[in-house]
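S.K.: I am attaching a structure below and will ask some questions about it afterwards.
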Amino acid sequence: RLQKLKEMFISKFGSAPKFYARAPGRVNLIGEHIDYCGYAVLPMAIEQDILIAVEPVQTQVVQLANTNASYLDFSTSVNNIQINKTKPQWHNYFLCGLKGIQEHFGLNNPTGMNCLLDGTIPPSSGLSSSSALVCCAGLVTLRANGKTLSKVELAEICTKSERYIGTEGGGMDQSISFLAEEGTAKLIEFSPLRATDVRLPSGATFVIANSCVEMNKAATSHYNIRVMECRLATKLLSKSKGLEWRKMLRLHDVQTKLGVSLEEMLTIVEEVLHPEPYSTEEICKCLGISLEELHSQILSQNMQDVPTFKLYQRAKHVYSEAARVLEFQKICSEAPANALQLLGELMKQSHISCREMYECSCPELDRLVDICLQFGAIGSRLTGAGWGGCTVSMVPTDKLNTFLKNVKKAYYQTDGQRLAVENNSLFATKPGRGALVFVEA
């Protein structure tokens with residue numbers, strides 16, 4: 001693959017690349033939509049990645065090309081980075097990583113670069129192709145400008161810089177992309193960012209299956225509405241408990257301030273919030289503020305026209321999912337005889353909560369989860385933002401081949417469109433290694 005990339009680079013730019021950078025995609029085993037609420041998640045890097053061949057140049061221009069002809073070439077001056085939020089095109093994700101590093105170091109005259117990108121992560125599939133691209137671009141910019149940072153610092157900068165494109169993510173994707181190690185999943189905790197190895201039990205393999213429904217996070221409001229619903233739930237819960245609600249942003253902050261367990265937080269949600277959607281008027285009444293203050297101080301620009309918010313369901317999902325992550329880690333470290341069954345049960349519960357409480361599934365994902373469970377998966381759930389994208393299933397290793405054959409038949413071969421992409425849509429994966437730079441010897 002490197003050799004091919006090098007040859008394409010030479011024919012494109014007329015000289016050889018000086019170095020390469022790669023950043024992996026990821027699959028989240030459990031812990032969906034809770035990183036931006038401050039809670040730990042449990043992802044692993046996959047073998048699929050973004051690979052970029054790079055040649056620093058004297059001109060202050062970045063030229064971007066892609067091995068996939070459907071992604072158009074792009075070039076821009078490094079001193080005038082414009083990121084278009086309305087059109088999340090591939091080069092804008094590269095520019096996020098570039099801009100993040102430039103701003104961190106206050107680089108006045110950053111190095112220009114010729115870059116050729118090759119990606120093996122299926123796009124818009126919930127396996128973090130966009131975050132891997134932001135991370136890879138950050139790494140490339142760092143190296144080209146002769147700067148160094150720790151992996152944790154890089155992950156934090158890339159998390160912030162992806163927000164230039166309008167995605168209010170929580171940092172899981174960037175963290176695992178840099179901190180992953182081969183052979184182990186990671187428990188990733190936030191503020192401060194740290195990663196702990198989680199050894200997955202032997203005897204099972206994780207299988208990713210793409211529903212073939214594309215969902216582009218930045219191009220949709222679903223994702224950002226959920227972030228806002230969690231923020232509003234945080235404020236109402238805080239207010240009801242006499243906390244300084246104006247300062248509270250994440251559901252995790254409420255638990256920390258009250259010093260209670262996740263189980264107790266679930267009881268508080270039952271007591272304080274009601275299952276019916278909240279209108280903006282009711283939210284104002286609960287907080288004792290004007291509609292004007294809600295719109296100017298709390299709701300982000302793209303949330304001004306949303307009429308109602310579901311707070312009870314979102315808070316319930318977050319606190320129960322955060323508890324499932326800790327339980328998953330505990331089972332992996334204690335490794336009881338029935339570990340696989342217990343982990344499978346947690347994955348199933350996670351999917352039900354994503355479907356019913358967070359409403360981030362879709363009919364195709366639900367059908368795919370059912371098919372995977374029917375053909376021998378011990379656990380199966382959507383992974384990534386949802387509304388399309390992939391499922392992750394835990395399958396007994398000795399049943400893997402039959403499982404793959406049956407799922408192909410039941411899900412992919414019944415539909416011409418899916419059939420065309422089935423080879424890249426269903427695969428077993430092991431925990432891969434994190435982002436790195438390599439130079440030709």
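Letters for chains follow the order of the structure tokens (A, B, ...), residue numbers begin at 1 for each chain, and ligand numbers begin at 1 in the order shown.
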Do you know which residues are at most 10 Å from segment 294-301 of chain A counting only C-alpha atoms, after dropping those on the same chain fewer than 6 positions away, and could you put them as a PyMOL selection string?
M.R.: chain A and resi 224-225+228-229+231-232+235+246+249+280-281+283-284+287
S.K.: With N, CA, C and O atoms retained, write the just-selected residues as a PDB file, in the first residue's frame.
M.R.:
ATOM      1  N   ASN A 224     -26.139  17.390  17.277  1.00  0.00           N
ATOM      2  CA  ASN A 224     -25.991  18.596  18.098  1.00  0.00           C
ATOM      3  C   ASN A 224     -27.215  18.863  18.978  1.00  0.00           C
ATOM      4  O   ASN A 224     -27.086  19.428  20.055  1.00  0.00           O
ATOM      5  N   ILE A 225     -28.409  18.412  18.519  1.00  0.00           N
ATOM      6  CA  ILE A 225     -29.599  18.553  19.382  1.00  0.00           C
ATOM      7  C   ILE A 225     -29.428  17.698  20.637  1.00  0.00           C
ATOM      8  O   ILE A 225     -29.735  18.131  21.745  1.00  0.00           O
ATOM      9  N   MET A 228     -27.259  19.394  23.111  1.00  0.00           N
ATOM     10  CA  MET A 228     -27.993  20.474  23.771  1.00  0.00           C
ATOM     11  C   MET A 228     -28.999  19.929  24.783  1.00  0.00           C
ATOM     12  O   MET A 228     -29.161  20.484  25.871  1.00  0.00           O
ATOM     13  N   GLU A 229     -29.672  18.816  24.439  1.00  0.00           N
ATOM     14  CA  GLU A 229     -30.632  18.230  25.381  1.00  0.00           C
ATOM     15  C   GLU A 229     -29.932  17.790  26.670  1.00  0.00           C
ATOM     16  O   GLU A 229     -30.463  17.976  27.773  1.00  0.00           O
ATOM     17  N   ARG A 231     -27.230  19.163  27.855  1.00  0.00           N
ATOM     18  CA  ARG A 231     -26.857  20.399  28.562  1.00  0.00           C
ATOM     19  C   ARG A 231     -28.056  20.974  29.317  1.00  0.00           C
ATOM     20  O   ARG A 231     -27.940  21.420  30.464  1.00  0.00           O
ATOM     21  N   LEU A 232     -29.221  20.960  28.664  1.00  0.00           N
ATOM     22  CA  LEU A 232     -30.433  21.479  29.316  1.00  0.00           C
ATOM     23  C   LEU A 232     -30.838  20.593  30.497  1.00  0.00           C
ATOM     24  O   LEU A 232     -31.233  21.098  31.552  1.00  0.00           O
ATOM     25  N   LYS A 235     -28.785  21.475  33.431  1.00  0.00           N
ATOM     26  CA  LYS A 235     -29.200  22.722  34.087  1.00  0.00           C
ATOM     27  C   LYS A 235     -30.450  22.519  34.953  1.00  0.00           C
ATOM     28  O   LYS A 235     -30.521  23.013  36.076  1.00  0.00           O
ATOM     29  N   ARG A 246     -26.037  27.745  36.388  1.00  0.00           N
ATOM     30  CA  ARG A 246     -25.498  28.491  35.234  1.00  0.00           C
ATOM     31  C   ARG A 246     -24.091  28.015  34.862  1.00  0.00           C
ATOM     32  O   ARG A 246     -23.681  28.117  33.718  1.00  0.00           O
ATOM     33  N   LEU A 249     -22.366  22.405  32.912  1.00  0.00           N
ATOM     34  CA  LEU A 249     -22.500  22.161  31.476  1.00  0.00           C
ATOM     35  C   LEU A 249     -22.756  20.698  31.125  1.00  0.00           C
ATOM     36  O   LEU A 249     -23.349  20.397  30.110  1.00  0.00           O
ATOM     37  N   THR A 280     -39.641  25.210  25.068  1.00  0.00           N
ATOM     38  CA  THR A 280     -38.675  26.234  25.506  1.00  0.00           C
ATOM     39  C   THR A 280     -39.283  27.065  26.635  1.00  0.00           C
ATOM     40  O   THR A 280     -38.595  27.459  27.574  1.00  0.00           O
ATOM     41  N   GLU A 281     -40.604  27.287  26.576  1.00  0.00           N
ATOM     42  CA  GLU A 281     -41.274  28.071  27.638  1.00  0.00           C
ATOM     43  C   GLU A 281     -41.156  27.352  28.981  1.00  0.00           C
ATOM     44  O   GLU A 281     -40.875  27.978  30.006  1.00  0.00           O
ATOM     45  N   ILE A 283     -38.910  25.173  29.900  1.00  0.00           N
ATOM     46  CA  ILE A 283     -37.516  25.201  30.355  1.00  0.00           C
ATOM     47  C   ILE A 283     -37.228  26.539  31.046  1.00  0.00           C
ATOM     48  O   ILE A 283     -36.633  26.583  32.121  1.00  0.00           O
ATOM     49  N   CYS A 284     -37.689  27.634  30.430  1.00  0.00           N
ATOM     50  CA  CYS A 284     -37.490  28.965  31.028  1.00  0.00           C
ATOM     51  C   CYS A 284     -38.147  29.057  32.397  1.00  0.00           C
ATOM     52  O   CYS A 284     -37.576  29.606  33.346  1.00  0.00           O
ATOM     53  N   LEU A 287     -36.153  27.191  34.999  1.00  0.00           N
ATOM     54  CA  LEU A 287     -34.886  27.853  35.348  1.00  0.00           C
ATOM     55  C   LEU A 287     -35.088  29.286  35.870  1.00  0.00           C
ATOM     56  O   LEU A 287     -34.150  29.912  36.361  1.00  0.00           O
TER      57      LEU A 287
END
S.K.: Once you count only C-alpha atoms, what closest atom pair and distance in Å to one decimal does each residue of segment 183-217 of chain A within 12 Å of segment 46-58 of chain A have, with rows by chain and rising residue number, as a tab-separated table?
M.R.:
residue	atom	partner	partner_atom	distance
A:Gly183	CA	A:Ile46	CA	10.3
A:Thr184	CA	A:Ile46	CA	10.7
A:Ala185	CA	A:Ile46	CA	9.9
A:Phe206	CA	A:Ile46	CA	10.2
A:Val207	CA	A:Ile46	CA	10.7
A:Ile208	CA	A:Ile46	CA	9.8
S.K.: A:Ala339, A:Val213, A:Cys158, A:Ile188: which is nearest Leu139 of chain A, counting only C-alpha atoms?
M.R.: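 Once distances to Leu139 of chain A are computed over only C-alpha atoms, the minimum belongs to A:Cys158.
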S.K.: Can you list, as an NGL selection string, every protein, DNA or RNA residue that comes within 7 Å of Arg26 of chain A when you count only C-alpha atoms, leaving out same-chain residues fewer than 4 positions away?
M.R.: :A and (43-46 or 127-128 or 173)
S.K.: Based on DSSP run over this structure's backbone, return all residues of segment 339-397 of chain A in alpha helix (DSSP H), as a PyMOL selection string.
M.R.: chain A and resi 339-356+363-374
